[in-house]
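Worksheet for the structure shown next.
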Amino acid sequence: RRTNLPISLEGIYRWVAFLPSRVDERVPVPNRYFGVFQDGSLKMRGIEARRRDTPPFIAETQLAILELLAQAGEAEDLPGCLPQVLQLLRRRLQDLRLQRLPAEALLVSQKLSRELEKYRSPSPAARAAAQLARAGKPLGPGQLVRFIYMRGQPGVHAWDLPEPPNLQGVDVPRYRTLLLRAAS
C-alpha cells in the first residue's frame, strides 16, 4: 500500500526449491527455482527444462523428474520420491549409453554472439557455424546454430550439414554430464 506497487498472487506453493548459484553453491539465486503449487502444477525458472539450448532428451528427463517430485504433498515427502527419480535417471542414462535416442533428442541450439572471426577461443556453437560456413551456409551474430556434441575434433557436428552425423561418435560422457547436472 505504501509503495503503490501492484501485486498479484500467482498461487500458493506446496513446496519450492531455490537452487544454488553455480559460482558459489552456498548461495541460492532467485532466478533458478522450481516448485509445485497447491493444485499440483509446476513452476520453474532458470533450469535446463526452460532453456532453449538444452538438448530435448535432457529437458524431457528433467521435466519427468519434476513431475515425480510434484507428487510429494509437502517438502518433507520429497525423499520418498527419490527411488522413482533414480530409476528414471538410470533408465535415461542407459538409453544414452546404448544410443537408443534419436539424433534430434541430442540437438543443442545456441545463438552466435559474434562474427566467426571474432572468436578467440571458438565455442561449440562457433565451431558448428564454421562447419556450416565451409559448406556454404554462413551464419552471423544472433542466428541459431544447431549441433550435436561429438568425440574428437572439432567436438561438434553441425546439424544442417549435408551429411548426417555418425551417431557412433556422439560424445556420450558430455551428454551424461549435462544430464546429471540437470538432474541434480
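Chain lettering (A, B, ...) mirrors the order of the C-alpha cells, residue numbering begins at 1 for each chain separately, and ligand numbering begins at 1 in order of display.
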
Handout entry: Residues within 7 Å of Asp53 of chain A, only C-alpha atoms, excluding chain neighbours under 4 positions, as a list in words
Key = Val108, Ser109 and Gln110 of chain A

Any chance you could export the current selection's C-alpha atoms as a PDB file, in the first residue's frame?
ATOM      1  CA  VAL A 108      21.847 -28.332 -28.871  1.00  0.00           C
ATOM      2  CA  SER A 109      20.603 -24.987 -30.232  1.00  0.00           C
ATOM      3  CA  GLN A 110      22.605 -21.857 -29.493  1.00  0.00           C
TER       4      GLN A 110
END

Practice task
Give the alpha helix (DSSP H) residues of chain A, as DSSP finds them on the backbone, and put them as a PyMOL selection string.
Solution key: chain A and resi 56-69+82-97+124-134+172-183

Exercise for the section: For atom CA of Val23 of chain A and atom CA of Leu107 of chain A, quote the distance in Å rounded to one decimal. Expected result: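 Interatomic distance here is 26.3 Å.
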
Practice task
Pick out the residues sitting within 12 Å of Gly11 of chain A, and hand them over as a ChimeraX atom specification; count only C-alpha atoms, and ignore anything fewer than 3 positions along from it in its own chain.
Solution key: /A:8,14-16,35-43

Handout entry: Exercise: Val85 of chain A partners within 9 Å, only C-alpha atoms, chain neighbours under 2 positions left out, as a list of chain:residue names
Key =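 Selected residues are A:Ala64, A:Ile65, A:Leu66, A:Leu68, A:Leu69, A:Cys81, A:Leu82, A:Pro83, A:Gln87, A:Leu88, A:Leu89, A:Arg90, A:Ala183.
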
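In this structure, atom CA of Tyr33 of chain A sits 5.5 Å away from atom CA of Ala17 of chain A.
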
Please report, as an mmCIF file with all heavy atoms, in the first residue's frame, each residue of chain A to which DSSP assigns strand (DSSP E or B) when run on this structure's backbone.
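Heads up, here's the output in result_21.cif:
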data_model
loop_
_atom_site.group_PDB
_atom_site.id
_atom_site.type_symbol
_atom_site.label_atom_id
_atom_site.label_comp_id
_atom_site.auth_asym_id
_atom_site.auth_seq_id
_atom_site.Cartn_x
_atom_site.Cartn_y
_atom_site.Cartn_z
ATOM 1 N N TYR A 13 2.436 -22.144 -2.987
ATOM 2 C CA TYR A 13 3.252 -23.337 -3.212
ATOM 3 C C TYR A 13 3.047 -24.358 -2.100
ATOM 4 O O TYR A 13 2.965 -24.000 -0.930
ATOM 5 C CB TYR A 13 4.741 -22.968 -3.249
ATOM 6 C CG TYR A 13 5.176 -22.233 -4.485
ATOM 7 C CD1 TYR A 13 5.291 -20.848 -4.493
ATOM 8 C CD2 TYR A 13 5.492 -22.919 -5.649
ATOM 9 C CE1 TYR A 13 5.711 -20.170 -5.623
ATOM 10 C CE2 TYR A 13 5.915 -22.254 -6.779
ATOM 11 C CZ TYR A 13 6.021 -20.882 -6.765
ATOM 12 O OH TYR A 13 6.435 -20.211 -7.887
ATOM 13 N N ARG A 14 3.025 -25.628 -2.509
ATOM 14 C CA ARG A 14 3.141 -26.714 -1.527
ATOM 15 C C ARG A 14 4.578 -26.759 -1.046
ATOM 16 O O ARG A 14 4.865 -26.954 0.114
ATOM 17 C CB ARG A 14 2.778 -28.061 -2.152
ATOM 18 C CG ARG A 14 1.305 -28.311 -2.235
ATOM 19 C CD ARG A 14 1.040 -29.747 -2.576
ATOM 20 N NE ARG A 14 1.185 -29.912 -4.026
ATOM 21 C CZ ARG A 14 1.150 -31.075 -4.642
ATOM 22 N NH1 ARG A 14 0.998 -32.194 -3.976
ATOM 23 N NH2 ARG A 14 1.274 -31.142 -5.946
ATOM 24 N N TRP A 15 5.502 -26.616 -2.005
ATOM 25 C CA TRP A 15 6.918 -26.529 -1.706
ATOM 26 C C TRP A 15 7.636 -25.864 -2.879
ATOM 27 O O TRP A 15 7.142 -25.883 -3.999
ATOM 28 C CB TRP A 15 7.534 -27.889 -1.374
ATOM 29 C CG TRP A 15 7.338 -28.951 -2.422
ATOM 30 C CD1 TRP A 15 6.362 -29.906 -2.450
ATOM 31 C CD2 TRP A 15 8.133 -29.157 -3.595
ATOM 32 N NE1 TRP A 15 6.497 -30.684 -3.572
ATOM 33 C CE2 TRP A 15 7.580 -30.249 -4.289
ATOM 34 C CE3 TRP A 15 9.252 -28.537 -4.131
ATOM 35 C CZ2 TRP A 15 8.103 -30.724 -5.487
ATOM 36 C CZ3 TRP A 15 9.778 -29.002 -5.321
ATOM 37 C CH2 TRP A 15 9.202 -30.091 -5.978
ATOM 38 N N VAL A 16 8.781 -25.277 -2.595
ATOM 39 C CA VAL A 16 9.592 -24.625 -3.626
ATOM 40 C C VAL A 16 11.063 -24.845 -3.277
ATOM 41 O O VAL A 16 11.429 -24.890 -2.101
ATOM 42 C CB VAL A 16 9.249 -23.120 -3.761
ATOM 43 C CG1 VAL A 16 9.563 -22.362 -2.495
ATOM 44 C CG2 VAL A 16 9.927 -22.501 -4.965
ATOM 45 N N ALA A 17 11.884 -25.019 -4.302
ATOM 46 C CA ALA A 17 13.323 -25.216 -4.104
ATOM 47 C C ALA A 17 14.075 -24.125 -4.855
ATOM 48 O O ALA A 17 13.925 -23.991 -6.075
ATOM 49 C CB ALA A 17 13.740 -26.588 -4.621
ATOM 50 N N PHE A 18 14.871 -23.343 -4.133
ATOM 51 C CA PHE A 18 15.742 -22.341 -4.742
ATOM 52 C C PHE A 18 17.109 -22.982 -4.903
ATOM 53 O O PHE A 18 17.684 -23.474 -3.934
ATOM 54 C CB PHE A 18 15.806 -21.076 -3.892
ATOM 55 C CG PHE A 18 14.521 -20.314 -3.926
ATOM 56 C CD1 PHE A 18 13.555 -20.512 -2.952
ATOM 57 C CD2 PHE A 18 14.255 -19.428 -4.953
ATOM 58 C CE1 PHE A 18 12.356 -19.830 -2.990
ATOM 59 C CE2 PHE A 18 13.059 -18.741 -5.011
ATOM 60 C CZ PHE A 18 12.101 -18.941 -4.023
ATOM 61 N N LEU A 19 17.601 -22.991 -6.119
ATOM 62 C CA LEU A 19 18.835 -23.699 -6.428
ATOM 63 C C LEU A 19 20.057 -22.833 -6.156
ATOM 64 O O LEU A 19 19.995 -21.607 -6.245
ATOM 65 C CB LEU A 19 18.801 -24.149 -7.881
ATOM 66 C CG LEU A 19 17.625 -25.069 -8.196
ATOM 67 C CD1 LEU A 19 17.544 -25.358 -9.680
ATOM 68 C CD2 LEU A 19 17.736 -26.359 -7.413
ATOM 69 N N PRO A 20 21.188 -23.479 -5.856
ATOM 70 C CA PRO A 20 22.401 -22.718 -5.556
ATOM 71 C C PRO A 20 22.993 -22.089 -6.806
ATOM 72 O O PRO A 20 22.804 -22.569 -7.918
ATOM 73 C CB PRO A 20 23.338 -23.774 -4.974
ATOM 74 C CG PRO A 20 22.866 -25.060 -5.540
ATOM 75 C CD PRO A 20 21.379 -24.919 -5.729
ATOM 76 N N PRO A 28 21.891 -19.416 -2.620
ATOM 77 C CA PRO A 28 20.792 -19.670 -3.563
ATOM 78 C C PRO A 28 20.556 -18.418 -4.415
ATOM 79 O O PRO A 28 20.866 -17.303 -4.004
ATOM 80 C CB PRO A 28 19.600 -19.951 -2.652
ATOM 81 C CG PRO A 28 19.930 -19.305 -1.364
ATOM 82 C CD PRO A 28 21.429 -19.264 -1.256
ATOM 83 N N VAL A 29 20.036 -18.630 -5.615
ATOM 84 C CA VAL A 29 19.756 -17.495 -6.501
ATOM 85 C C VAL A 29 18.256 -17.425 -6.775
ATOM 86 O O VAL A 29 17.600 -18.455 -6.902
ATOM 87 C CB VAL A 29 20.568 -17.587 -7.815
ATOM 88 C CG1 VAL A 29 22.045 -17.378 -7.564
ATOM 89 C CG2 VAL A 29 20.346 -18.908 -8.512
ATOM 90 N N PRO A 30 17.711 -16.222 -6.847
ATOM 91 C CA PRO A 30 16.262 -16.078 -7.009
ATOM 92 C C PRO A 30 15.738 -16.406 -8.402
ATOM 93 O O PRO A 30 14.537 -16.591 -8.578
ATOM 94 C CB PRO A 30 16.009 -14.607 -6.677
ATOM 95 C CG PRO A 30 17.298 -13.929 -6.974
ATOM 96 C CD PRO A 30 18.372 -14.934 -6.670
ATOM 97 N N ASN A 31 16.617 -16.520 -9.402
ATOM 98 C CA ASN A 31 16.139 -16.781 -10.758
ATOM 99 C C ASN A 31 16.339 -18.231 -11.199
ATOM 100 O O ASN A 31 16.193 -18.545 -12.372
ATOM 101 C CB ASN A 31 16.804 -15.819 -11.752
ATOM 102 C CG ASN A 31 18.308 -15.983 -11.797
ATOM 103 O OD1 ASN A 31 18.903 -16.637 -10.941
ATOM 104 N ND2 ASN A 31 18.933 -15.375 -12.788
ATOM 105 N N ARG A 32 16.667 -19.118 -10.252
ATOM 106 C CA ARG A 32 16.771 -20.552 -10.542
ATOM 107 C C ARG A 32 16.012 -21.305 -9.458
ATOM 108 O O ARG A 32 16.509 -21.480 -8.352
ATOM 109 C CB ARG A 32 18.239 -21.010 -10.560
ATOM 110 C CG ARG A 32 19.030 -20.467 -11.729
ATOM 111 C CD ARG A 32 20.420 -21.074 -11.828
ATOM 112 N NE ARG A 32 20.331 -22.484 -12.100
ATOM 113 C CZ ARG A 32 20.968 -23.432 -11.412
ATOM 114 N NH1 ARG A 32 21.754 -23.124 -10.418
ATOM 115 N NH2 ARG A 32 20.821 -24.694 -11.709
ATOM 116 N N TYR A 33 14.797 -21.721 -9.802
ATOM 117 C CA TYR A 33 13.998 -22.425 -8.813
ATOM 118 C C TYR A 33 12.950 -23.290 -9.504
ATOM 119 O O TYR A 33 12.703 -23.170 -10.694
ATOM 120 C CB TYR A 33 13.316 -21.439 -7.856
ATOM 121 C CG TYR A 33 12.257 -20.573 -8.494
ATOM 122 C CD1 TYR A 33 10.919 -20.963 -8.498
ATOM 123 C CD2 TYR A 33 12.586 -19.365 -9.077
ATOM 124 C CE1 TYR A 33 9.954 -20.173 -9.082
ATOM 125 C CE2 TYR A 33 11.626 -18.567 -9.655
ATOM 126 C CZ TYR A 33 10.312 -18.975 -9.658
ATOM 127 O OH TYR A 33 9.352 -18.195 -10.244
ATOM 128 N N PHE A 34 12.368 -24.175 -8.716
ATOM 129 C CA PHE A 34 11.212 -24.941 -9.167
ATOM 130 C C PHE A 34 10.352 -25.221 -7.947
ATOM 131 O O PHE A 34 10.830 -25.238 -6.819
ATOM 132 C CB PHE A 34 11.608 -26.235 -9.890
ATOM 133 C CG PHE A 34 12.437 -27.184 -9.066
ATOM 134 C CD1 PHE A 34 11.837 -28.153 -8.265
ATOM 135 C CD2 PHE A 34 13.813 -27.131 -9.103
ATOM 136 C CE1 PHE A 34 12.595 -29.031 -7.515
ATOM 137 C CE2 PHE A 34 14.587 -28.015 -8.351
ATOM 138 C CZ PHE A 34 13.970 -28.964 -7.558
ATOM 139 N N GLY A 35 9.088 -25.397 -8.201
ATOM 140 C CA GLY A 35 8.177 -25.654 -7.098
ATOM 141 C C GLY A 35 6.854 -26.181 -7.612
ATOM 142 O O GLY A 35 6.616 -26.253 -8.821
ATOM 143 N N VAL A 36 5.995 -26.535 -6.666
ATOM 144 C CA VAL A 36 4.685 -27.091 -7.000
ATOM 145 C C VAL A 36 3.625 -26.274 -6.275
ATOM 146 O O VAL A 36 3.685 -26.079 -5.064
ATOM 147 C CB VAL A 36 4.590 -28.575 -6.573
ATOM 148 C CG1 VAL A 36 3.213 -29.136 -6.867
ATOM 149 C CG2 VAL A 36 5.654 -29.387 -7.271
ATOM 150 N N PHE A 37 2.654 -25.801 -7.062
ATOM 151 C CA PHE A 37 1.529 -25.078 -6.485
ATOM 152 C C PHE A 37 0.582 -26.052 -5.792
ATOM 153 O O PHE A 37 0.644 -27.265 -6.007
ATOM 154 C CB PHE A 37 0.758 -24.322 -7.585
ATOM 155 C CG PHE A 37 1.487 -23.130 -8.130
ATOM 156 C CD1 PHE A 37 1.895 -23.095 -9.458
ATOM 157 C CD2 PHE A 37 1.764 -22.029 -7.331
ATOM 158 C CE1 PHE A 37 2.545 -21.990 -9.974
ATOM 159 C CE2 PHE A 37 2.418 -20.922 -7.833
ATOM 160 C CZ PHE A 37 2.813 -20.904 -9.166
ATOM 161 N N LEU A 42 3.382 -27.299 -11.852
ATOM 162 C CA LEU A 42 4.788 -26.949 -11.650
ATOM 163 C C LEU A 42 5.069 -25.513 -12.047
ATOM 164 O O LEU A 42 4.470 -24.983 -12.985
ATOM 165 C CB LEU A 42 5.676 -27.846 -12.515
ATOM 166 C CG LEU A 42 5.849 -29.284 -12.066
ATOM 167 C CD1 LEU A 42 6.426 -30.121 -13.195
ATOM 168 C CD2 LEU A 42 6.757 -29.343 -10.851
ATOM 169 N N LYS A 43 6.014 -24.919 -11.362
ATOM 170 C CA LYS A 43 6.543 -23.601 -11.732
ATOM 171 C C LYS A 43 8.052 -23.740 -11.701
ATOM 172 O O LYS A 43 8.622 -24.281 -10.753
ATOM 173 C CB LYS A 43 6.073 -22.549 -10.719
ATOM 174 C CG LYS A 43 6.696 -21.192 -10.893
ATOM 175 C CD LYS A 43 6.023 -20.406 -11.973
ATOM 176 C CE LYS A 43 6.569 -18.989 -11.987
ATOM 177 N NZ LYS A 43 5.700 -18.078 -12.671
ATOM 178 N N MET A 44 8.710 -23.293 -12.762
ATOM 179 C CA MET A 44 10.170 -23.406 -12.818
ATOM 180 C C MET A 44 10.753 -22.215 -13.563
ATOM 181 O O MET A 44 10.131 -21.691 -14.489
ATOM 182 C CB MET A 44 10.572 -24.716 -13.459
ATOM 183 C CG MET A 44 9.998 -24.957 -14.829
ATOM 184 S SD MET A 44 10.165 -26.664 -15.324
ATOM 185 C CE MET A 44 8.479 -27.056 -15.681
ATOM 186 N N ARG A 45 11.926 -21.815 -13.144
ATOM 187 C CA ARG A 45 12.647 -20.717 -13.770
ATOM 188 C C ARG A 45 14.142 -21.027 -13.745
ATOM 189 O O ARG A 45 14.663 -21.543 -12.762
ATOM 190 C CB ARG A 45 12.418 -19.389 -13.024
ATOM 191 C CG ARG A 45 11.033 -18.837 -13.151
ATOM 192 C CD ARG A 45 10.800 -18.268 -14.551
ATOM 193 N NE ARG A 45 9.456 -17.738 -14.675
ATOM 194 C CZ ARG A 45 8.426 -18.382 -15.201
ATOM 195 N NH1 ARG A 45 8.579 -19.600 -15.650
ATOM 196 N NH2 ARG A 45 7.243 -17.817 -15.295
ATOM 197 N N VAL A 108 21.629 -29.535 -29.658
ATOM 198 C CA VAL A 108 21.847 -28.332 -28.871
ATOM 199 C C VAL A 108 21.617 -27.168 -29.828
ATOM 200 O O VAL A 108 22.103 -27.190 -30.960
ATOM 201 C CB VAL A 108 23.295 -28.280 -28.324
ATOM 202 C CG1 VAL A 108 23.556 -26.996 -27.578
ATOM 203 C CG2 VAL A 108 23.572 -29.494 -27.452
ATOM 204 N N SER A 109 20.861 -26.171 -29.400
ATOM 205 C CA SER A 109 20.603 -24.987 -30.232
ATOM 206 C C SER A 109 21.120 -23.768 -29.486
ATOM 207 O O SER A 109 20.699 -23.504 -28.364
ATOM 208 C CB SER A 109 19.103 -24.823 -30.480
ATOM 209 O OG SER A 109 18.592 -25.948 -31.153
ATOM 210 N N GLN A 110 22.039 -23.054 -30.121
ATOM 211 C CA GLN A 110 22.605 -21.857 -29.493
ATOM 212 C C GLN A 110 22.712 -20.749 -30.519
ATOM 213 O O GLN A 110 22.902 -21.008 -31.707
ATOM 214 C CB GLN A 110 23.994 -22.144 -28.903
ATOM 215 C CG GLN A 110 23.960 -23.096 -27.745
ATOM 216 C CD GLN A 110 25.343 -23.380 -27.174
ATOM 217 O OE1 GLN A 110 26.367 -23.024 -27.745
ATOM 218 N NE2 GLN A 110 25.367 -24.038 -26.026
ATOM 219 N N LYS A 111 22.607 -19.513 -30.023
ATOM 220 C CA LYS A 111 22.772 -18.357 -30.898
ATOM 221 C C LYS A 111 24.232 -17.940 -30.921
ATOM 222 O O LYS A 111 24.914 -17.990 -29.897
ATOM 223 C CB LYS A 111 21.928 -17.182 -30.403
ATOM 224 C CG LYS A 111 20.467 -17.354 -30.697
ATOM 225 C CD LYS A 111 19.697 -16.104 -30.342
ATOM 226 C CE LYS A 111 18.226 -16.351 -30.635
ATOM 227 N NZ LYS A 111 17.404 -15.207 -30.257
ATOM 228 N N LEU A 144 20.718 -18.783 -35.012
ATOM 229 C CA LEU A 144 20.718 -20.033 -34.267
ATOM 230 C C LEU A 144 21.513 -21.095 -35.020
ATOM 231 O O LEU A 144 21.343 -21.266 -36.227
ATOM 232 C CB LEU A 144 19.270 -20.501 -34.092
ATOM 233 C CG LEU A 144 18.981 -21.502 -32.997
ATOM 234 C CD1 LEU A 144 19.257 -20.883 -31.629
ATOM 235 C CD2 LEU A 144 17.530 -21.919 -33.080
ATOM 236 N N VAL A 145 22.376 -21.783 -34.303
ATOM 237 C CA VAL A 145 23.111 -22.904 -34.877
ATOM 238 C C VAL A 145 22.769 -24.142 -34.052
ATOM 239 O O VAL A 145 22.722 -24.091 -32.825
ATOM 240 C CB VAL A 145 24.638 -22.633 -34.935
ATOM 241 C CG1 VAL A 145 25.216 -22.402 -33.563
ATOM 242 C CG2 VAL A 145 25.374 -23.765 -35.627
ATOM 243 N N ARG A 146 22.480 -25.232 -34.743
ATOM 244 C CA ARG A 146 22.145 -26.490 -34.065
ATOM 245 C C ARG A 146 23.272 -27.479 -34.306
ATOM 246 O O ARG A 146 23.800 -27.574 -35.416
ATOM 247 C CB ARG A 146 20.821 -27.042 -34.598
ATOM 248 C CG ARG A 146 19.678 -26.082 -34.377
ATOM 249 C CD ARG A 146 18.363 -26.600 -34.898
ATOM 250 N NE ARG A 146 18.451 -26.970 -36.305
ATOM 251 C CZ ARG A 146 17.552 -27.725 -36.931
ATOM 252 N NH1 ARG A 146 16.521 -28.196 -36.282
ATOM 253 N NH2 ARG A 146 17.685 -28.008 -38.206
ATOM 254 N N PHE A 147 23.601 -28.238 -33.250
ATOM 255 C CA PHE A 147 24.705 -29.181 -33.373
ATOM 256 C C PHE A 147 24.551 -30.306 -32.359
ATOM 257 O O PHE A 147 23.738 -30.231 -31.435
ATOM 258 C CB PHE A 147 26.058 -28.473 -33.178
ATOM 259 C CG PHE A 147 26.208 -27.787 -31.850
ATOM 260 C CD1 PHE A 147 26.723 -28.459 -30.751
ATOM 261 C CD2 PHE A 147 25.833 -26.460 -31.696
ATOM 262 C CE1 PHE A 147 26.849 -27.828 -29.522
ATOM 263 C CE2 PHE A 147 25.969 -25.814 -30.478
ATOM 264 C CZ PHE A 147 26.479 -26.499 -29.389
ATOM 265 N N ILE A 148 25.350 -31.334 -32.576
ATOM 266 C CA ILE A 148 25.441 -32.470 -31.656
ATOM 267 C C ILE A 148 26.883 -32.541 -31.176
ATOM 268 O O ILE A 148 27.821 -32.365 -31.963
ATOM 269 C CB ILE A 148 25.038 -33.788 -32.364
ATOM 270 C CG1 ILE A 148 23.547 -33.746 -32.715
ATOM 271 C CG2 ILE A 148 25.359 -34.999 -31.506
ATOM 272 C CD1 ILE A 148 23.048 -34.976 -33.451
ATOM 273 N N TYR A 149 27.080 -32.772 -29.879
ATOM 274 C CA TYR A 149 28.427 -32.938 -29.345
ATOM 275 C C TYR A 149 28.985 -34.285 -29.815
ATOM 276 O O TYR A 149 28.320 -35.320 -29.714
ATOM 277 C CB TYR A 149 28.427 -32.910 -27.814
ATOM 278 C CG TYR A 149 28.174 -31.538 -27.235
ATOM 279 C CD1 TYR A 149 27.008 -31.259 -26.543
ATOM 280 C CD2 TYR A 149 29.111 -30.529 -27.374
ATOM 281 C CE1 TYR A 149 26.780 -30.001 -26.009
ATOM 282 C CE2 TYR A 149 28.894 -29.268 -26.847
ATOM 283 C CZ TYR A 149 27.722 -29.008 -26.166
ATOM 284 O OH TYR A 149 27.500 -27.769 -25.642
ATOM 285 N N MET A 150 30.222 -34.236 -30.320
ATOM 286 C CA MET A 150 30.880 -35.435 -30.835
ATOM 287 C C MET A 150 32.244 -35.593 -30.162
ATOM 288 O O MET A 150 32.835 -34.619 -29.702
ATOM 289 C CB MET A 150 31.080 -35.314 -32.353
ATOM 290 C CG MET A 150 29.807 -35.042 -33.142
ATOM 291 S SD MET A 150 28.592 -36.367 -33.088
ATOM 292 C CE MET A 150 29.330 -37.545 -34.207
ATOM 293 N N VAL A 156 32.064 -31.146 -32.318
ATOM 294 C CA VAL A 156 30.651 -30.946 -32.646
ATOM 295 C C VAL A 156 30.405 -31.359 -34.094
ATOM 296 O O VAL A 156 31.344 -31.437 -34.894
ATOM 297 C CB VAL A 156 30.206 -29.471 -32.465
ATOM 298 C CG1 VAL A 156 30.313 -29.034 -31.019
ATOM 299 C CG2 VAL A 156 30.985 -28.545 -33.376
ATOM 300 N N HIS A 157 29.139 -31.591 -34.403
ATOM 301 C CA HIS A 157 28.719 -31.804 -35.788
ATOM 302 C C HIS A 157 27.508 -30.917 -36.013
ATOM 303 O O HIS A 157 26.479 -31.085 -35.352
ATOM 304 C CB HIS A 157 28.350 -33.273 -36.037
ATOM 305 C CG HIS A 157 27.955 -33.530 -37.455
ATOM 306 N ND1 HIS A 157 28.858 -33.918 -38.408
ATOM 307 C CD2 HIS A 157 26.757 -33.418 -38.090
ATOM 308 C CE1 HIS A 157 28.235 -34.061 -39.571
ATOM 309 N NE2 HIS A 157 26.957 -33.751 -39.394
ATOM 310 N N ALA A 158 27.649 -29.955 -36.913
ATOM 311 C CA ALA A 158 26.538 -29.052 -37.214
ATOM 312 C C ALA A 158 25.387 -29.852 -37.808
ATOM 313 O O ALA A 158 25.575 -30.703 -38.685
ATOM 314 C CB ALA A 158 26.991 -27.964 -38.171
ATOM 315 N N VAL A 170 29.042 -39.907 -31.063
ATOM 316 C CA VAL A 170 28.443 -38.979 -30.103
ATOM 317 C C VAL A 170 29.261 -38.963 -28.808
ATOM 318 O O VAL A 170 29.710 -40.007 -28.328
ATOM 319 C CB VAL A 170 26.970 -39.368 -29.815
ATOM 320 C CG1 VAL A 170 26.424 -38.647 -28.600
ATOM 321 C CG2 VAL A 170 26.110 -39.084 -31.029
#

Handout entry: Distance query Ala133 of chain A at most 12 Å, only C-alpha atoms, self and fewer than 5 positions along chain excluded, as number ranges by chain
Key = A: 115-117, 126-128, 138-140, 145, 158, 160-161

Practice task
For segment 176-179 of chain A, please output as a ChimeraX atom specification all residues within 10 Å (counting only C-alpha atoms; exclusion window: fewer than 6 positions along the same chain).
Solution key: /A:48,54-55,57-59,61-62,89,92-94,96-97

Expected file contents, prior selection, N, CA, C and O atoms, as an mmCIF file, in the first residue's frame:
data_model
loop_
_atom_site.group_PDB
_atom_site.id
_atom_site.type_symbol
_atom_site.label_atom_id
_atom_site.label_comp_id
_atom_site.auth_asym_id
_atom_site.auth_seq_id
_atom_site.Cartn_x
_atom_site.Cartn_y
_atom_site.Cartn_z
ATOM 1 N N GLU A 48 17.326 -26.160 -16.752
ATOM 2 C CA GLU A 48 17.548 -26.683 -18.101
ATOM 3 C C GLU A 48 16.251 -26.901 -18.874
ATOM 4 O O GLU A 48 16.197 -26.633 -20.079
ATOM 5 N N THR A 54 19.043 -26.421 -24.281
ATOM 6 C CA THR A 54 19.132 -27.750 -23.673
ATOM 7 C C THR A 54 18.689 -28.824 -24.666
ATOM 8 O O THR A 54 17.626 -28.689 -25.273
ATOM 9 N N PRO A 55 19.478 -29.889 -24.837
ATOM 10 C CA PRO A 55 19.026 -30.970 -25.709
ATOM 11 C C PRO A 55 17.666 -31.511 -25.233
ATOM 12 O O PRO A 55 17.440 -31.645 -24.024
ATOM 13 N N PHE A 57 16.237 -34.400 -24.944
ATOM 14 C CA PHE A 57 16.139 -35.539 -24.030
ATOM 15 C C PHE A 57 16.494 -35.144 -22.600
ATOM 16 O O PHE A 57 15.957 -35.696 -21.639
ATOM 17 N N ILE A 58 17.371 -34.155 -22.437
ATOM 18 C CA ILE A 58 17.722 -33.688 -21.097
ATOM 19 C C ILE A 58 16.576 -32.882 -20.507
ATOM 20 O O ILE A 58 16.191 -33.075 -19.351
ATOM 21 N N ALA A 59 15.991 -31.996 -21.307
ATOM 22 C CA ALA A 59 14.853 -31.206 -20.832
ATOM 23 C C ALA A 59 13.679 -32.117 -20.466
ATOM 24 O O ALA A 59 13.033 -31.929 -19.434
ATOM 25 N N THR A 61 13.803 -35.266 -19.565
ATOM 26 C CA THR A 61 14.141 -36.033 -18.367
ATOM 27 C C THR A 61 13.988 -35.166 -17.125
ATOM 28 O O THR A 61 13.410 -35.601 -16.121
ATOM 29 N N GLN A 62 14.474 -33.948 -17.177
ATOM 30 C CA GLN A 62 14.351 -33.057 -16.025
ATOM 31 C C GLN A 62 12.878 -32.787 -15.714
ATOM 32 O O GLN A 62 12.468 -32.808 -14.545
ATOM 33 N N LEU A 89 16.242 -41.845 -13.863
ATOM 34 C CA LEU A 89 17.546 -41.358 -14.284
ATOM 35 C C LEU A 89 18.429 -42.489 -14.802
ATOM 36 O O LEU A 89 19.087 -42.350 -15.840
ATOM 37 N N ARG A 92 17.253 -43.402 -18.296
ATOM 38 C CA ARG A 92 17.633 -42.406 -19.308
ATOM 39 C C ARG A 92 19.140 -42.448 -19.582
ATOM 40 O O ARG A 92 19.564 -42.280 -20.725
ATOM 41 N N LEU A 93 19.953 -42.700 -18.550
ATOM 42 C CA LEU A 93 21.391 -42.844 -18.765
ATOM 43 C C LEU A 93 21.691 -44.078 -19.606
ATOM 44 O O LEU A 93 22.573 -44.052 -20.465
ATOM 45 N N GLN A 94 20.949 -45.139 -19.383
ATOM 46 C CA GLN A 94 21.133 -46.351 -20.181
ATOM 47 C C GLN A 94 20.714 -46.105 -21.631
ATOM 48 O O GLN A 94 21.389 -46.555 -22.555
ATOM 49 N N LEU A 96 20.951 -43.358 -23.204
ATOM 50 C CA LEU A 96 22.048 -42.586 -23.770
ATOM 51 C C LEU A 96 23.243 -43.491 -24.071
ATOM 52 O O LEU A 96 23.781 -43.477 -25.181
ATOM 53 N N ARG A 97 23.635 -44.285 -23.087
ATOM 54 C CA ARG A 97 24.809 -45.155 -23.246
ATOM 55 C C ARG A 97 24.633 -46.151 -24.381
ATOM 56 O O ARG A 97 25.550 -46.400 -25.159
#

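Residue nearest Ala135 of chain A, chosen from A:Glu163, A:Pro122, A:Pro154, A:Arg114 and counting only C-alpha atoms: A:Glu163.
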
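Shortest separation to Gln143 of chain A among A:Ala125, A:Leu167, A:Leu112, A:Ala130 occurs at residue A:Leu112, atoms counted being only C-alpha atoms.
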